[in-house]
Amino acid sequence: MKYIIGTRGSALSIAQTNWVVNELKKNFPDIEFEIKTIKTKGDTDARPLFIINQKGIFEKEIDRAVAQKEVDFAVHSLKDVPSKLGDNLVLACVPKRESVNDVFISTNDSTLYTIESGAKVGTSSLRRAVQIIRKRPDLVVKPIRGNIETRIRKINEDYDAVVLAQAGISRLGLDVKFSKLSTDEFFPSPGQGALAIVSRADDSETISMLKKIEDENSRLAVEAERALSNFVESGCRFPVGAYAKVTDQKLVLKVVAFSVDGKKSMTVEKTGQKNDPTSLGKAVGEELVKQGVNELALNWRKTVEEWNKK
């Protein structure tokens, strides 16, 4: 039997997909897997991600190939996958999550807290940019695009440092020095560090196979974060960091929302039942609204446009 897997053509996407294949091979050594690379809007649009203003820019074309039976399933970075999938598609599997934290990489091994004033720091994420500015308002934070290897290489060109996800470095096996940013102080994106394997909802045989490499706690955590994201995505405009963890039979979700200029923030932490992550995510979202989170989105467009001109 043979399965065709859809993914992006970046080195990270290929590495993630090969990891999935290796894990599946441990359970199904006789099955063949073929990787089909598919170009997405996110691969061809060079603008900063937060300017594009479109969900699913790194997955839409790939998931369309799944729905149209051009491939059997797709492997994505979960944070790139919208909280609501297309018709007849399902998040079939969430394998064991990698590190969720961001890292700081600089030319002289400086940390976020020791790098010289006025240093240029690159990031592809508005969430990261806001958190950097809040901790080091004396730094110059600039948008950066490109794959992980490109962003790291630019440290010696136009930037003094970059901030990106540790998971990508780990999956690529890159030999690069970095300082780890604690999730207690520097909140990750919802779903960061996790993979999402998408299949057709009516393909029970494929779903059954993929479930063999699912990690229950990783699934529960990201489902809570995705439920929160679904709430936030419905018209709100502000950077959000979220991280859920399974503790005994409970699930804890902590969320921090920031104004786009970084001057204001709001934190909500709630504990819910382990087996009901969706309700926990929704409850956190409702609490944010109750506390007036939508006020953080005021003047977001003007602030983003100004930052993009740097």
# chains A, B, ... in the order shown; residues from 1 in each chain; ligands from 1
>>> residues_around(residues="Asp102 in chain A", least_positions_apart="6", cutoff="6 Å", atoms="only C-alpha atoms", output="ChimeraX atom specification")
/A:164-166,181
>>> residues_around(residues="Phe73 in chain A", least_positions_apart="3", cutoff="12 Å", atoms="only C-alpha atoms", output="ChimeraX atom specification")
/A:2-7,17,20-21,33-36,59,62-70,76,89-93,196-201,203-207,209-210
>>> write_last_selection(atoms="C-alpha atoms", output="PDB file, in the first residue's frame")
ATOM      1  CA  LYS A   2       1.168   3.540  -0.738  1.00  0.00           C
ATOM      2  CA  TYR A   3       0.234   6.944   0.686  1.00  0.00           C
ATOM      3  CA  ILE A   4       0.970  10.329  -0.896  1.00  0.00           C
ATOM      4  CA  ILE A   5       1.676  13.120   1.590  1.00  0.00           C
ATOM      5  CA  GLY A   6       1.246  16.799   0.797  1.00  0.00           C
ATOM      6  CA  THR A   7       3.539  19.424   2.306  1.00  0.00           C
ATOM      7  CA  THR A  17       7.173  15.237   6.972  1.00  0.00           C
ATOM      8  CA  VAL A  20       6.148  11.715  10.422  1.00  0.00           C
ATOM      9  CA  VAL A  21       7.037   9.056   7.835  1.00  0.00           C
ATOM     10  CA  PHE A  33       5.044   6.889   1.527  1.00  0.00           C
ATOM     11  CA  GLU A  34       5.645   9.471  -1.185  1.00  0.00           C
ATOM     12  CA  ILE A  35       6.098  13.170  -0.403  1.00  0.00           C
ATOM     13  CA  LYS A  36       4.515  15.674  -2.811  1.00  0.00           C
ATOM     14  CA  GLU A  59      -1.835  25.411   4.124  1.00  0.00           C
ATOM     15  CA  ILE A  62      -2.146  21.760   0.372  1.00  0.00           C
ATOM     16  CA  ASP A  63      -5.427  21.016   2.130  1.00  0.00           C
ATOM     17  CA  ARG A  64      -7.248  21.583  -1.149  1.00  0.00           C
ATOM     18  CA  ALA A  65      -5.098  18.792  -2.598  1.00  0.00           C
ATOM     19  CA  VAL A  66      -6.214  16.546   0.288  1.00  0.00           C
ATOM     20  CA  ALA A  67      -9.880  17.380  -0.265  1.00  0.00           C
ATOM     21  CA  GLN A  68      -9.564  16.720  -4.005  1.00  0.00           C
ATOM     22  CA  LYS A  69      -7.803  13.392  -3.374  1.00  0.00           C
ATOM     23  CA  GLU A  70      -4.572  14.479  -5.036  1.00  0.00           C
ATOM     24  CA  HIS A  76       1.668  21.171   8.611  1.00  0.00           C
ATOM     25  CA  LEU A  89     -11.262  17.775   6.306  1.00  0.00           C
ATOM     26  CA  VAL A  90     -10.247  16.830   9.831  1.00  0.00           C
ATOM     27  CA  LEU A  91      -7.258  17.287  12.116  1.00  0.00           C
ATOM     28  CA  ALA A  92      -6.561  13.562  12.111  1.00  0.00           C
ATOM     29  CA  CYS A  93      -3.436  13.487  14.241  1.00  0.00           C
ATOM     30  CA  ALA A 196      -0.948  18.950  12.418  1.00  0.00           C
ATOM     31  CA  ILE A 197      -1.754  16.048  10.126  1.00  0.00           C
ATOM     32  CA  VAL A 198      -4.874  16.740   8.070  1.00  0.00           C
ATOM     33  CA  SER A 199      -6.863  14.086   6.208  1.00  0.00           C
ATOM     34  CA  ARG A 200     -10.305  13.654   4.681  1.00  0.00           C
ATOM     35  CA  ALA A 201     -12.943  13.161   7.345  1.00  0.00           C
ATOM     36  CA  ASP A 203     -11.088   8.367   5.111  1.00  0.00           C
ATOM     37  CA  SER A 204     -11.368   6.166   8.196  1.00  0.00           C
ATOM     38  CA  GLU A 205      -8.515   3.855   7.170  1.00  0.00           C
ATOM     39  CA  THR A 206      -6.014   6.714   6.920  1.00  0.00           C
ATOM     40  CA  ILE A 207      -7.250   8.296  10.146  1.00  0.00           C
ATOM     41  CA  MET A 209      -3.278   4.689  10.743  1.00  0.00           C
ATOM     42  CA  LEU A 210      -2.399   8.256  11.739  1.00  0.00           C
TER      43      LEU A 210
END
>>> closest_residue(among="A:Lys290, A:Lys60, A:Arg151, A:Lys250", to="Asp276 in chain A", atoms="only C-alpha atoms")
A:Lys250
>>> residues_around(residues="Lys120 in chain A", least_positions_apart="4", cutoff="12 Å", atoms="only C-alpha atoms", output="number ranges by chain")
A: 105-107, 112, 115-116, 129, 132-133, 136-144, 154-163, 310
>>> write_last_selection(atoms="N, CA and C atoms", output="PDB file, in the first residue's frame")
ATOM      1  N   ILE A 105      18.675  34.506  18.895  1.00  0.00           N
ATOM      2  CA  ILE A 105      19.949  34.188  18.256  1.00  0.00           C
ATOM      3  C   ILE A 105      20.613  35.493  17.839  1.00  0.00           C
ATOM      4  N   SER A 106      21.877  35.688  18.230  1.00  0.00           N
ATOM      5  CA  SER A 106      22.574  36.947  17.932  1.00  0.00           C
ATOM      6  C   SER A 106      23.974  36.691  17.383  1.00  0.00           C
ATOM      7  N   THR A 107      24.605  37.758  16.922  1.00  0.00           N
ATOM      8  CA  THR A 107      25.934  37.639  16.320  1.00  0.00           C
ATOM      9  C   THR A 107      27.013  37.309  17.343  1.00  0.00           C
ATOM     10  N   LEU A 112      18.524  38.442  24.863  1.00  0.00           N
ATOM     11  CA  LEU A 112      17.579  39.544  24.721  1.00  0.00           C
ATOM     12  C   LEU A 112      17.843  40.623  25.765  1.00  0.00           C
ATOM     13  N   ILE A 115      21.948  42.252  24.929  1.00  0.00           N
ATOM     14  CA  ILE A 115      22.362  42.827  23.659  1.00  0.00           C
ATOM     15  C   ILE A 115      22.357  44.355  23.759  1.00  0.00           C
ATOM     16  N   GLU A 116      23.273  44.999  23.039  1.00  0.00           N
ATOM     17  CA  GLU A 116      23.449  46.443  23.166  1.00  0.00           C
ATOM     18  C   GLU A 116      22.226  47.225  22.703  1.00  0.00           C
ATOM     19  N   ALA A 129       7.334  40.528  18.158  1.00  0.00           N
ATOM     20  CA  ALA A 129       7.784  41.922  18.107  1.00  0.00           C
ATOM     21  C   ALA A 129       7.294  42.702  19.324  1.00  0.00           C
ATOM     22  N   ILE A 132       9.156  41.640  22.485  1.00  0.00           N
ATOM     23  CA  ILE A 132      10.529  42.169  22.500  1.00  0.00           C
ATOM     24  C   ILE A 132      10.515  43.630  22.917  1.00  0.00           C
ATOM     25  N   ILE A 133       9.625  44.403  22.305  1.00  0.00           N
ATOM     26  CA  ILE A 133       9.545  45.840  22.606  1.00  0.00           C
ATOM     27  C   ILE A 133       9.189  46.084  24.065  1.00  0.00           C
ATOM     28  N   ARG A 136      12.464  45.193  25.902  1.00  0.00           N
ATOM     29  CA  ARG A 136      13.621  46.010  25.510  1.00  0.00           C
ATOM     30  C   ARG A 136      13.179  47.107  24.543  1.00  0.00           C
ATOM     31  N   PRO A 137      12.551  48.167  25.076  1.00  0.00           N
ATOM     32  CA  PRO A 137      12.070  49.248  24.201  1.00  0.00           C
ATOM     33  C   PRO A 137      13.199  50.002  23.504  1.00  0.00           C
ATOM     34  N   ASP A 138      14.439  49.768  23.913  1.00  0.00           N
ATOM     35  CA  ASP A 138      15.578  50.447  23.310  1.00  0.00           C
ATOM     36  C   ASP A 138      16.105  49.726  22.069  1.00  0.00           C
ATOM     37  N   LEU A 139      15.518  48.588  21.725  1.00  0.00           N
ATOM     38  CA  LEU A 139      15.941  47.846  20.542  1.00  0.00           C
ATOM     39  C   LEU A 139      15.128  48.270  19.322  1.00  0.00           C
ATOM     40  N   VAL A 140      15.679  48.032  18.131  1.00  0.00           N
ATOM     41  CA  VAL A 140      14.971  48.310  16.883  1.00  0.00           C
ATOM     42  C   VAL A 140      14.461  46.981  16.345  1.00  0.00           C
ATOM     43  N   VAL A 141      13.149  46.779  16.393  1.00  0.00           N
ATOM     44  CA  VAL A 141      12.548  45.518  15.953  1.00  0.00           C
ATOM     45  C   VAL A 141      12.046  45.687  14.525  1.00  0.00           C
ATOM     46  N   LYS A 142      12.525  44.812  13.614  1.00  0.00           N
ATOM     47  CA  LYS A 142      12.207  44.930  12.196  1.00  0.00           C
ATOM     48  C   LYS A 142      11.598  43.636  11.670  1.00  0.00           C
ATOM     49  N   PRO A 143      10.683  43.739  10.699  1.00  0.00           N
ATOM     50  CA  PRO A 143      10.118  42.527  10.090  1.00  0.00           C
ATOM     51  C   PRO A 143      11.195  41.760   9.331  1.00  0.00           C
ATOM     52  N   ILE A 144      11.039  40.437   9.293  1.00  0.00           N
ATOM     53  CA  ILE A 144      11.965  39.592   8.540  1.00  0.00           C
ATOM     54  C   ILE A 144      11.173  38.432   7.948  1.00  0.00           C
ATOM     55  N   LYS A 154      20.710  36.062   7.922  1.00  0.00           N
ATOM     56  CA  LYS A 154      20.575  37.515   7.877  1.00  0.00           C
ATOM     57  C   LYS A 154      21.099  38.204   9.136  1.00  0.00           C
ATOM     58  N   ILE A 155      21.386  37.421  10.169  1.00  0.00           N
ATOM     59  CA  ILE A 155      21.959  38.003  11.383  1.00  0.00           C
ATOM     60  C   ILE A 155      23.283  38.677  11.055  1.00  0.00           C
ATOM     61  N   ASN A 156      24.023  38.143  10.130  1.00  0.00           N
ATOM     62  CA  ASN A 156      25.319  38.711   9.750  1.00  0.00           C
ATOM     63  C   ASN A 156      25.208  39.744   8.640  1.00  0.00           C
ATOM     64  N   GLU A 157      23.974  40.059   8.252  1.00  0.00           N
ATOM     65  CA  GLU A 157      23.768  41.009   7.166  1.00  0.00           C
ATOM     66  C   GLU A 157      23.020  42.247   7.658  1.00  0.00           C
ATOM     67  N   ASP A 158      21.685  42.140   7.779  1.00  0.00           N
ATOM     68  CA  ASP A 158      20.876  43.321   8.109  1.00  0.00           C
ATOM     69  C   ASP A 158      20.402  43.368   9.558  1.00  0.00           C
ATOM     70  N   TYR A 159      20.689  42.331  10.320  1.00  0.00           N
ATOM     71  CA  TYR A 159      20.175  42.243  11.686  1.00  0.00           C
ATOM     72  C   TYR A 159      21.301  41.867  12.664  1.00  0.00           C
ATOM     73  N   ASP A 160      21.098  42.260  13.914  1.00  0.00           N
ATOM     74  CA  ASP A 160      22.028  41.862  14.972  1.00  0.00           C
ATOM     75  C   ASP A 160      21.543  40.618  15.693  1.00  0.00           C
ATOM     76  N   ALA A 161      20.259  40.316  15.539  1.00  0.00           N
ATOM     77  CA  ALA A 161      19.681  39.145  16.199  1.00  0.00           C
ATOM     78  C   ALA A 161      18.341  38.823  15.552  1.00  0.00           C
ATOM     79  N   VAL A 162      17.871  37.606  15.767  1.00  0.00           N
ATOM     80  CA  VAL A 162      16.528  37.211  15.345  1.00  0.00           C
ATOM     81  C   VAL A 162      15.888  36.412  16.463  1.00  0.00           C
ATOM     82  N   VAL A 163      14.553  36.410  16.464  1.00  0.00           N
ATOM     83  CA  VAL A 163      13.794  35.586  17.405  1.00  0.00           C
ATOM     84  C   VAL A 163      12.912  34.661  16.592  1.00  0.00           C
ATOM     85  N   LYS A 310       9.686  50.158   8.991  1.00  0.00           N
ATOM     86  CA  LYS A 310      11.027  50.208   9.590  1.00  0.00           C
ATOM     87  C   LYS A 310      12.063  49.560   8.688  1.00  0.00           C
TER      88      LYS A 310
END
>>> select_by_dssp(residues="range 110-173 of chain A", states="helix (DSSP H, G or I)", output="ChimeraX atom specification")
/A:126-135,148-156,166-172
